[in-house]
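Enquirer: So I've got this file, work31.txt, and it contains compact mmCIF, all heavy atoms:
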```
# COMPACT_ATOMS: atom_id res chain seq x y z
N MET J 1 147.54 30.02 207.38
CA MET J 1 147.50 30.95 206.27
C MET J 1 146.19 30.81 205.51
O MET J 1 145.75 29.70 205.25
CB MET J 1 148.66 30.66 205.31
CG MET J 1 149.99 31.12 205.85
SD MET J 1 151.24 31.08 204.57
CE MET J 1 151.84 29.43 204.80
N PRO J 2 145.61 31.92 205.10
CA PRO J 2 144.33 31.82 204.39
C PRO J 2 144.46 31.18 203.02
O PRO J 2 143.56 30.51 202.56
CB PRO J 2 143.86 33.27 204.27
CG PRO J 2 144.84 34.12 204.98
CD PRO J 2 145.98 33.27 205.42
N GLY J 3 145.56 31.36 202.33
CA GLY J 3 145.70 30.83 200.97
C GLY J 3 145.97 29.34 200.93
O GLY J 3 145.75 28.69 199.92
N SER J 4 146.45 28.75 202.03
CA SER J 4 146.82 27.34 201.99
C SER J 4 145.60 26.43 201.85
O SER J 4 145.67 25.41 201.21
CB SER J 4 147.62 26.98 203.24
OG SER J 4 146.82 27.14 204.39
N THR J 5 144.49 26.79 202.45
CA THR J 5 143.28 25.97 202.34
C THR J 5 142.78 25.95 200.90
O THR J 5 142.43 24.92 200.37
CB THR J 5 142.17 26.51 203.26
OG1 THR J 5 142.67 26.53 204.59
CG2 THR J 5 140.95 25.65 203.19
N ASN J 6 142.79 27.12 200.25
CA ASN J 6 142.33 27.20 198.87
C ASN J 6 143.24 26.40 197.95
O ASN J 6 142.77 25.69 197.07
CB ASN J 6 142.26 28.66 198.42
CG ASN J 6 141.57 28.83 197.08
OD1 ASN J 6 140.85 27.93 196.65
ND2 ASN J 6 141.79 29.94 196.44
N GLY J 7 144.55 26.47 198.15
CA GLY J 7 145.48 25.71 197.34
C GLY J 7 145.29 24.22 197.53
O GLY J 7 145.39 23.44 196.59
N SER J 8 145.00 23.82 198.75
CA SER J 8 144.79 22.40 199.03
C SER J 8 143.53 21.91 198.33
O SER J 8 143.52 20.80 197.78
CB SER J 8 144.68 22.19 200.53
OG SER J 8 144.41 20.84 200.82
N ASN J 9 142.48 22.71 198.35
CA ASN J 9 141.24 22.32 197.66
C ASN J 9 141.46 22.22 196.16
O ASN J 9 140.94 21.31 195.51
CB ASN J 9 140.12 23.30 197.97
CG ASN J 9 139.60 23.16 199.39
OD1 ASN J 9 139.78 22.13 200.01
ND2 ASN J 9 138.99 24.20 199.89
N ALA J 10 142.22 23.15 195.60
CA ALA J 10 142.49 23.12 194.16
C ALA J 10 143.30 21.89 193.80
O ALA J 10 143.07 21.24 192.77
CB ALA J 10 143.22 24.39 193.73
N THR J 11 144.25 21.53 194.66
CA THR J 11 145.08 20.35 194.41
C THR J 11 144.24 19.08 194.49
O THR J 11 144.39 18.17 193.66
CB THR J 11 146.23 20.28 195.42
OG1 THR J 11 146.98 21.49 195.33
CG2 THR J 11 147.14 19.11 195.15
N LYS J 12 143.33 19.01 195.46
CA LYS J 12 142.46 17.84 195.56
C LYS J 12 141.55 17.74 194.35
O LYS J 12 141.32 16.65 193.82
CB LYS J 12 141.62 17.92 196.83
CG LYS J 12 142.42 17.66 198.09
CD LYS J 12 141.56 17.78 199.32
CE LYS J 12 142.39 17.64 200.58
NZ LYS J 12 141.60 17.86 201.79
N THR J 13 141.05 18.87 193.88
CA THR J 13 140.19 18.88 192.70
C THR J 13 140.97 18.39 191.47
O THR J 13 140.45 17.58 190.69
CB THR J 13 139.64 20.29 192.44
OG1 THR J 13 138.91 20.71 193.59
CG2 THR J 13 138.74 20.33 191.23
N MET J 14 142.20 18.86 191.31
CA MET J 14 143.01 18.41 190.19
C MET J 14 143.31 16.91 190.30
O MET J 14 143.34 16.20 189.29
CB MET J 14 144.32 19.19 190.12
CG MET J 14 144.18 20.57 189.54
SD MET J 14 143.62 20.57 187.83
CE MET J 14 145.05 19.90 187.03
N GLY J 15 143.51 16.42 191.51
CA GLY J 15 143.74 15.00 191.70
C GLY J 15 142.54 14.17 191.28
O GLY J 15 142.67 13.14 190.61
N VAL J 16 141.35 14.64 191.65
CA VAL J 16 140.12 13.94 191.27
C VAL J 16 139.95 13.97 189.75
O VAL J 16 139.59 12.96 189.13
CB VAL J 16 138.90 14.57 191.98
CG1 VAL J 16 137.60 14.07 191.40
CG2 VAL J 16 138.98 14.30 193.48
N LEU J 17 140.22 15.13 189.13
CA LEU J 17 140.11 15.22 187.67
C LEU J 17 141.12 14.31 186.97
O LEU J 17 140.80 13.70 185.95
CB LEU J 17 140.32 16.67 187.22
CG LEU J 17 139.19 17.64 187.55
CD1 LEU J 17 139.58 19.06 187.18
CD2 LEU J 17 137.92 17.24 186.81
N THR J 18 142.32 14.22 187.53
CA THR J 18 143.34 13.37 186.93
C THR J 18 142.95 11.90 187.01
O THR J 18 143.06 11.16 186.02
CB THR J 18 144.69 13.60 187.63
OG1 THR J 18 145.05 14.98 187.51
CG2 THR J 18 145.79 12.75 187.02
N VAL J 19 142.47 11.46 188.17
CA VAL J 19 142.04 10.07 188.31
C VAL J 19 140.83 9.80 187.42
O VAL J 19 140.74 8.76 186.75
CB VAL J 19 141.75 9.73 189.79
CG1 VAL J 19 141.11 8.37 189.93
CG2 VAL J 19 143.03 9.82 190.61
N GLY J 20 139.88 10.74 187.40
CA GLY J 20 138.71 10.58 186.53
C GLY J 20 139.11 10.53 185.07
O GLY J 20 138.55 9.75 184.28
N GLY J 21 140.09 11.35 184.69
CA GLY J 21 140.59 11.33 183.31
C GLY J 21 141.22 10.00 182.96
O GLY J 21 141.04 9.48 181.86
N LEU J 22 141.96 9.44 183.92
CA LEU J 22 142.57 8.12 183.69
C LEU J 22 141.50 7.06 183.46
O LEU J 22 141.62 6.24 182.55
CB LEU J 22 143.45 7.72 184.87
CG LEU J 22 144.08 6.33 184.80
CD1 LEU J 22 144.98 6.19 183.57
CD2 LEU J 22 144.84 6.04 186.07
N VAL J 23 140.45 7.10 184.25
CA VAL J 23 139.36 6.14 184.09
C VAL J 23 138.70 6.30 182.71
O VAL J 23 138.45 5.31 182.01
CB VAL J 23 138.31 6.30 185.22
CG1 VAL J 23 137.07 5.49 184.94
CG2 VAL J 23 138.93 5.92 186.56
N LEU J 24 138.44 7.53 182.31
CA LEU J 24 137.80 7.77 181.01
C LEU J 24 138.69 7.35 179.84
O LEU J 24 138.21 6.73 178.89
CB LEU J 24 137.42 9.24 180.88
CG LEU J 24 136.28 9.72 181.76
CD1 LEU J 24 136.10 11.23 181.64
CD2 LEU J 24 134.99 9.00 181.40
N VAL J 25 139.97 7.70 179.92
CA VAL J 25 140.88 7.33 178.83
C VAL J 25 141.03 5.82 178.74
O VAL J 25 141.05 5.24 177.65
CB VAL J 25 142.25 8.02 179.02
CG1 VAL J 25 143.29 7.47 178.05
CG2 VAL J 25 142.11 9.53 178.83
N THR J 26 141.10 5.15 179.89
CA THR J 26 141.21 3.69 179.90
C THR J 26 139.94 3.06 179.32
O THR J 26 140.01 2.12 178.51
CB THR J 26 141.44 3.18 181.33
OG1 THR J 26 142.63 3.79 181.84
CG2 THR J 26 141.60 1.67 181.36
N ALA J 27 138.76 3.58 179.71
CA ALA J 27 137.51 3.05 179.17
C ALA J 27 137.43 3.26 177.66
O ALA J 27 137.00 2.36 176.92
CB ALA J 27 136.32 3.72 179.87
N TYR J 28 137.85 4.42 177.19
CA TYR J 28 137.85 4.70 175.75
C TYR J 28 138.78 3.72 175.03
O TYR J 28 138.43 3.19 173.97
CB TYR J 28 138.31 6.13 175.49
CG TYR J 28 138.31 6.52 174.04
CD1 TYR J 28 137.19 7.11 173.46
CD2 TYR J 28 139.42 6.29 173.22
CE1 TYR J 28 137.19 7.47 172.12
CE2 TYR J 28 139.42 6.63 171.89
CZ TYR J 28 138.31 7.23 171.35
OH TYR J 28 138.31 7.57 170.01
N THR J 29 139.95 3.48 175.61
CA THR J 29 140.92 2.57 175.00
C THR J 29 140.37 1.16 174.92
O THR J 29 140.53 0.47 173.90
CB THR J 29 142.24 2.59 175.79
OG1 THR J 29 142.77 3.92 175.76
CG2 THR J 29 143.26 1.64 175.22
N VAL J 30 139.70 0.71 175.97
CA VAL J 30 139.13 -0.63 175.98
C VAL J 30 138.01 -0.75 174.95
O VAL J 30 137.91 -1.72 174.22
CB VAL J 30 138.63 -1.00 177.39
CG1 VAL J 30 137.79 -2.26 177.37
CG2 VAL J 30 139.81 -1.16 178.35
N ALA J 31 137.16 0.28 174.88
CA ALA J 31 135.98 0.21 174.02
C ALA J 31 136.31 0.44 172.54
O ALA J 31 135.79 -0.25 171.67
CB ALA J 31 134.95 1.24 174.48
N LEU J 32 137.17 1.43 172.26
CA LEU J 32 137.35 1.84 170.87
C LEU J 32 138.78 1.74 170.36
O LEU J 32 139.05 2.04 169.20
CB LEU J 32 136.87 3.29 170.69
CG LEU J 32 135.40 3.55 171.04
CD1 LEU J 32 135.09 5.02 170.97
CD2 LEU J 32 134.49 2.76 170.12
N GLY J 33 139.70 1.38 171.21
CA GLY J 33 141.10 1.29 170.78
C GLY J 33 141.90 2.48 171.28
O GLY J 33 141.36 3.51 171.68
N SER J 34 143.19 2.32 171.23
CA SER J 34 144.08 3.33 171.78
C SER J 34 144.08 4.61 170.94
O SER J 34 143.98 4.58 169.72
CB SER J 34 145.50 2.77 171.86
OG SER J 34 146.35 3.70 172.47
N ASN J 35 144.19 5.73 171.63
CA ASN J 35 144.32 7.01 170.98
C ASN J 35 145.47 7.74 171.68
O ASN J 35 145.38 8.12 172.85
CB ASN J 35 143.03 7.82 171.11
CG ASN J 35 143.09 9.13 170.37
OD1 ASN J 35 144.16 9.70 170.16
ND2 ASN J 35 141.94 9.64 169.98
N GLY J 36 146.56 7.92 170.97
CA GLY J 36 147.76 8.53 171.53
C GLY J 36 147.55 9.92 172.09
O GLY J 36 148.15 10.30 173.09
N TRP J 37 146.69 10.71 171.43
CA TRP J 37 146.45 12.08 171.91
C TRP J 37 145.75 12.09 173.26
O TRP J 37 146.01 12.95 174.10
CB TRP J 37 145.64 12.87 170.88
CG TRP J 37 146.49 13.31 169.74
CD1 TRP J 37 146.41 12.84 168.46
CD2 TRP J 37 147.54 14.28 169.75
NE1 TRP J 37 147.37 13.45 167.69
CE2 TRP J 37 148.06 14.34 168.45
CE3 TRP J 37 148.08 15.08 170.74
CZ2 TRP J 37 149.12 15.19 168.12
CZ3 TRP J 37 149.14 15.92 170.41
CH2 TRP J 37 149.64 15.98 169.11
N LEU J 38 144.83 11.14 173.47
CA LEU J 38 144.18 11.07 174.78
C LEU J 38 145.17 10.73 175.87
O LEU J 38 145.15 11.32 176.95
CB LEU J 38 143.05 10.03 174.75
CG LEU J 38 141.80 10.41 173.98
CD1 LEU J 38 140.82 9.24 174.00
CD2 LEU J 38 141.16 11.64 174.56
N TRP J 39 146.05 9.78 175.61
CA TRP J 39 147.06 9.41 176.61
C TRP J 39 148.04 10.55 176.84
O TRP J 39 148.45 10.82 177.97
CB TRP J 39 147.78 8.13 176.21
CG TRP J 39 146.91 6.94 176.43
CD1 TRP J 39 146.28 6.21 175.47
CD2 TRP J 39 146.55 6.36 177.69
NE1 TRP J 39 145.54 5.21 176.07
CE2 TRP J 39 145.69 5.28 177.42
CE3 TRP J 39 146.87 6.66 179.01
CZ2 TRP J 39 145.15 4.49 178.43
CZ3 TRP J 39 146.33 5.88 180.02
CH2 TRP J 39 145.49 4.81 179.72
N PHE J 40 148.41 11.24 175.76
CA PHE J 40 149.30 12.39 175.90
C PHE J 40 148.65 13.47 176.76
O PHE J 40 149.27 14.04 177.65
CB PHE J 40 149.64 12.97 174.51
CG PHE J 40 150.45 14.23 174.57
CD1 PHE J 40 151.80 14.19 174.88
CD2 PHE J 40 149.86 15.46 174.33
CE1 PHE J 40 152.54 15.36 174.94
CE2 PHE J 40 150.58 16.63 174.38
CZ PHE J 40 151.94 16.59 174.69
N GLY J 41 147.37 13.73 176.52
CA GLY J 41 146.64 14.72 177.31
C GLY J 41 146.55 14.31 178.77
O GLY J 41 146.70 15.15 179.68
N TRP J 42 146.37 13.02 179.04
CA TRP J 42 146.30 12.56 180.42
C TRP J 42 147.66 12.71 181.11
O TRP J 42 147.73 13.10 182.27
CB TRP J 42 145.83 11.11 180.49
CG TRP J 42 145.72 10.69 181.92
CD1 TRP J 42 144.68 10.95 182.76
CD2 TRP J 42 146.70 10.00 182.69
NE1 TRP J 42 144.96 10.45 184.01
CE2 TRP J 42 146.20 9.86 184.00
CE3 TRP J 42 147.95 9.49 182.40
CZ2 TRP J 42 146.91 9.22 185.00
CZ3 TRP J 42 148.66 8.85 183.40
CH2 TRP J 42 148.13 8.74 184.69
N VAL J 43 148.74 12.42 180.39
CA VAL J 43 150.08 12.58 180.96
C VAL J 43 150.33 14.05 181.29
O VAL J 43 150.85 14.37 182.37
CB VAL J 43 151.16 12.03 180.01
CG1 VAL J 43 152.55 12.44 180.45
CG2 VAL J 43 151.05 10.52 179.92
N VAL J 44 149.94 14.96 180.41
CA VAL J 44 150.11 16.39 180.68
C VAL J 44 149.29 16.79 181.91
O VAL J 44 149.78 17.50 182.79
CB VAL J 44 149.71 17.23 179.44
CG1 VAL J 44 149.62 18.70 179.77
CG2 VAL J 44 150.69 16.99 178.31
N LEU J 45 148.05 16.32 182.00
CA LEU J 45 147.22 16.61 183.16
C LEU J 45 147.86 16.07 184.43
O LEU J 45 147.87 16.74 185.48
CB LEU J 45 145.82 16.01 182.96
CG LEU J 45 144.80 16.25 184.08
CD1 LEU J 45 144.51 17.73 184.23
CD2 LEU J 45 143.53 15.48 183.78
N GLY J 46 148.41 14.88 184.36
CA GLY J 46 149.09 14.30 185.52
C GLY J 46 150.31 15.10 185.94
O GLY J 46 150.55 15.30 187.13
N LEU J 47 151.07 15.58 184.97
CA LEU J 47 152.24 16.39 185.30
C LEU J 47 151.85 17.72 185.92
O LEU J 47 152.52 18.21 186.85
CB LEU J 47 153.10 16.61 184.05
CG LEU J 47 153.83 15.38 183.52
CD1 LEU J 47 154.51 15.69 182.19
CD2 LEU J 47 154.84 14.88 184.54
N ILE J 48 150.78 18.32 185.43
CA ILE J 48 150.29 19.57 186.03
C ILE J 48 149.85 19.32 187.47
O ILE J 48 150.16 20.10 188.37
CB ILE J 48 149.14 20.16 185.18
CG1 ILE J 48 149.67 20.64 183.84
CG2 ILE J 48 148.44 21.30 185.93
CD1 ILE J 48 148.60 21.00 182.84
N THR J 49 149.14 18.23 187.68
CA THR J 49 148.70 17.88 189.03
C THR J 49 149.89 17.64 189.94
O THR J 49 149.93 18.11 191.08
CB THR J 49 147.80 16.64 189.00
OG1 THR J 49 146.69 16.89 188.14
CG2 THR J 49 147.29 16.29 190.39
N LEU J 50 150.88 16.91 189.45
CA LEU J 50 152.08 16.66 190.23
C LEU J 50 152.78 17.97 190.59
O LEU J 50 153.24 18.16 191.72
CB LEU J 50 153.02 15.73 189.46
CG LEU J 50 154.30 15.32 190.17
CD1 LEU J 50 153.97 14.54 191.44
CD2 LEU J 50 155.17 14.51 189.24
N GLY J 51 152.86 18.88 189.63
CA GLY J 51 153.45 20.19 189.90
C GLY J 51 152.70 20.96 190.96
O GLY J 51 153.31 21.62 191.81
N MET J 52 151.36 20.86 190.93
CA MET J 52 150.56 21.54 191.95
C MET J 52 150.80 20.93 193.32
O MET J 52 150.88 21.65 194.32
CB MET J 52 149.08 21.46 191.60
CG MET J 52 148.67 22.33 190.45
SD MET J 52 146.92 22.21 190.07
CE MET J 52 146.19 22.99 191.49
N VAL J 53 150.93 19.61 193.39
CA VAL J 53 151.18 18.95 194.67
C VAL J 53 152.53 19.39 195.23
O VAL J 53 152.65 19.71 196.40
CB VAL J 53 151.13 17.41 194.50
CG1 VAL J 53 151.67 16.70 195.73
CG2 VAL J 53 149.70 16.97 194.21
N VAL J 54 153.54 19.42 194.38
CA VAL J 54 154.89 19.80 194.84
C VAL J 54 154.91 21.24 195.32
O VAL J 54 155.47 21.54 196.36
CB VAL J 54 155.92 19.56 193.71
CG1 VAL J 54 157.25 20.18 194.05
CG2 VAL J 54 156.06 18.07 193.45
N THR J 55 154.29 22.15 194.57
CA THR J 55 154.33 23.56 194.98
C THR J 55 153.47 23.81 196.21
O THR J 55 153.80 24.66 197.02
CB THR J 55 153.87 24.49 193.83
OG1 THR J 55 152.57 24.11 193.39
CG2 THR J 55 154.84 24.44 192.68
N THR J 56 152.37 23.07 196.37
CA THR J 56 151.53 23.24 197.55
C THR J 56 152.25 22.74 198.80
O THR J 56 152.19 23.35 199.85
CB THR J 56 150.19 22.49 197.39
OG1 THR J 56 149.54 23.00 196.22
CG2 THR J 56 149.30 22.67 198.57
N LYS J 57 152.96 21.62 198.67
CA LYS J 57 153.70 21.06 199.80
C LYS J 57 154.86 21.94 200.21
O LYS J 57 155.23 22.01 201.37
CB LYS J 57 154.21 19.66 199.49
CG LYS J 57 153.15 18.66 199.18
CD LYS J 57 152.43 18.24 200.42
CE LYS J 57 151.41 17.17 200.05
NZ LYS J 57 150.50 16.87 201.10
N SER J 58 155.48 22.64 199.25
CA SER J 58 156.67 23.43 199.56
C SER J 58 156.34 24.79 200.19
O SER J 58 157.21 25.42 200.76
CB SER J 58 157.52 23.63 198.30
OG SER J 58 156.81 24.43 197.37
N THR J 59 155.10 25.24 200.07
CA THR J 59 154.75 26.55 200.65
C THR J 59 154.14 26.42 202.02
O THR J 59 153.71 25.44 202.46
CB THR J 59 153.75 27.30 199.74
OG1 THR J 59 152.62 26.48 199.50
CG2 THR J 59 154.41 27.71 198.45
```
What is this file in structure tokens?
Expert:
Amino acid sequence: MPGSTNGSNATKTMGVLTVGGLVLVTAYTVALGSNGWLWFGWVVLGLITLGMVVTTKST
């Protein structure tokens, strides 16, 4: 299917952004202290990524 390759690339990109976000939030926490909004934002990003993985696998 032509759309499956594009969806896979988008999912991989979101995965990279999620892991990169985790690294940045962790570095910020170590350097300047915890910020609940940053962790909340990372959790939301992770849930969106997880949703993309599930929907890509099911189609």
Enquirer: What is the atom CZ2 of Trp42 of chain J-atom C of Ser58 of chain J distance in Å, reported with one decimal?
Expert: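 Computing the Euclidean distance for atom CZ2 of Trp42 of chain J and atom C of Ser58 of chain J yields 23.7 Å.
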Enquirer: For Met52 of chain J, work out the shell of residues within 4.5 Å, counting all heavy atoms and skipping chain neighbours fewer than 3 positions away, then give it as a short mmCIF file (atom, residue, chain, number, x, y, z; two decimals) with all heavy atoms, in the coordinates of the input.
Expert:
```cif
data_model
loop_
_atom_site.label_atom_id
_atom_site.label_comp_id
_atom_site.auth_asym_id
_atom_site.auth_seq_id
_atom_site.Cartn_x
_atom_site.Cartn_y
_atom_site.Cartn_z
N ALA J 10 142.22 23.15 195.60
CA ALA J 10 142.49 23.12 194.16
C ALA J 10 143.30 21.89 193.80
O ALA J 10 143.07 21.24 192.77
CB ALA J 10 143.22 24.39 193.73
N THR J 11 144.25 21.53 194.66
CA THR J 11 145.08 20.35 194.41
C THR J 11 144.24 19.08 194.49
O THR J 11 144.39 18.17 193.66
CB THR J 11 146.23 20.28 195.42
OG1 THR J 11 146.98 21.49 195.33
CG2 THR J 11 147.14 19.11 195.15
N MET J 14 142.20 18.86 191.31
CA MET J 14 143.01 18.41 190.19
C MET J 14 143.31 16.91 190.30
O MET J 14 143.34 16.20 189.29
CB MET J 14 144.32 19.19 190.12
CG MET J 14 144.18 20.57 189.54
SD MET J 14 143.62 20.57 187.83
CE MET J 14 145.05 19.90 187.03
N ILE J 48 150.78 18.32 185.43
CA ILE J 48 150.29 19.57 186.03
C ILE J 48 149.85 19.32 187.47
O ILE J 48 150.16 20.10 188.37
CB ILE J 48 149.14 20.16 185.18
CG1 ILE J 48 149.67 20.64 183.84
CG2 ILE J 48 148.44 21.30 185.93
CD1 ILE J 48 148.60 21.00 182.84
N THR J 49 149.14 18.23 187.68
CA THR J 49 148.70 17.88 189.03
C THR J 49 149.89 17.64 189.94
O THR J 49 149.93 18.11 191.08
CB THR J 49 147.80 16.64 189.00
OG1 THR J 49 146.69 16.89 188.14
CG2 THR J 49 147.29 16.29 190.39
N THR J 55 154.29 22.15 194.57
CA THR J 55 154.33 23.56 194.98
C THR J 55 153.47 23.81 196.21
O THR J 55 153.80 24.66 197.02
CB THR J 55 153.87 24.49 193.83
OG1 THR J 55 152.57 24.11 193.39
CG2 THR J 55 154.84 24.44 192.68
N THR J 56 152.37 23.07 196.37
CA THR J 56 151.53 23.24 197.55
C THR J 56 152.25 22.74 198.80
O THR J 56 152.19 23.35 199.85
CB THR J 56 150.19 22.49 197.39
OG1 THR J 56 149.54 23.00 196.22
CG2 THR J 56 149.30 22.67 198.57
#
```
Enquirer: Would you kindly return, as a PyMOL selection string, each protein, DNA or RNA residue with an atom no farther than 9 Å from any atom of Ser34 of chain J, considering only C-alpha atoms and excluding same-chain residues fewer than 6 positions away?
Expert: chain J and resi 25-26+28
Enquirer: Write out the residues from the selection above, keeping all heavy atoms, as a PDB file, in the frame of the given file.
Expert:
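Saved as part07.pdb:
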```
ATOM      1  N   VAL J  25     139.970   7.700 179.920  1.00  0.00           N
ATOM      2  CA  VAL J  25     140.880   7.330 178.830  1.00  0.00           C
ATOM      3  C   VAL J  25     141.030   5.820 178.740  1.00  0.00           C
ATOM      4  O   VAL J  25     141.050   5.240 177.650  1.00  0.00           O
ATOM      5  CB  VAL J  25     142.250   8.020 179.020  1.00  0.00           C
ATOM      6  CG1 VAL J  25     143.290   7.470 178.050  1.00  0.00           C
ATOM      7  CG2 VAL J  25     142.110   9.530 178.830  1.00  0.00           C
ATOM      8  N   THR J  26     141.100   5.150 179.890  1.00  0.00           N
ATOM      9  CA  THR J  26     141.210   3.690 179.900  1.00  0.00           C
ATOM     10  C   THR J  26     139.940   3.060 179.320  1.00  0.00           C
ATOM     11  O   THR J  26     140.010   2.120 178.510  1.00  0.00           O
ATOM     12  CB  THR J  26     141.440   3.180 181.330  1.00  0.00           C
ATOM     13  OG1 THR J  26     142.630   3.790 181.840  1.00  0.00           O
ATOM     14  CG2 THR J  26     141.600   1.670 181.360  1.00  0.00           C
ATOM     15  N   TYR J  28     137.850   4.420 177.190  1.00  0.00           N
ATOM     16  CA  TYR J  28     137.850   4.700 175.750  1.00  0.00           C
ATOM     17  C   TYR J  28     138.780   3.720 175.030  1.00  0.00           C
ATOM     18  O   TYR J  28     138.430   3.190 173.970  1.00  0.00           O
ATOM     19  CB  TYR J  28     138.310   6.130 175.490  1.00  0.00           C
ATOM     20  CG  TYR J  28     138.310   6.520 174.040  1.00  0.00           C
ATOM     21  CD1 TYR J  28     137.190   7.110 173.460  1.00  0.00           C
ATOM     22  CD2 TYR J  28     139.420   6.290 173.220  1.00  0.00           C
ATOM     23  CE1 TYR J  28     137.190   7.470 172.120  1.00  0.00           C
ATOM     24  CE2 TYR J  28     139.420   6.630 171.890  1.00  0.00           C
ATOM     25  CZ  TYR J  28     138.310   7.230 171.350  1.00  0.00           C
ATOM     26  OH  TYR J  28     138.310   7.570 170.010  1.00  0.00           O
TER      27      TYR J  28
END
```
Enquirer: Just the residues within 9 Å of Gly46 of chain J, please, counting only C-alpha atoms, with nothing from its chain fewer than 6 positions along; format it as a ChimeraX atom specification.
Expert: /J:14-15,18-19
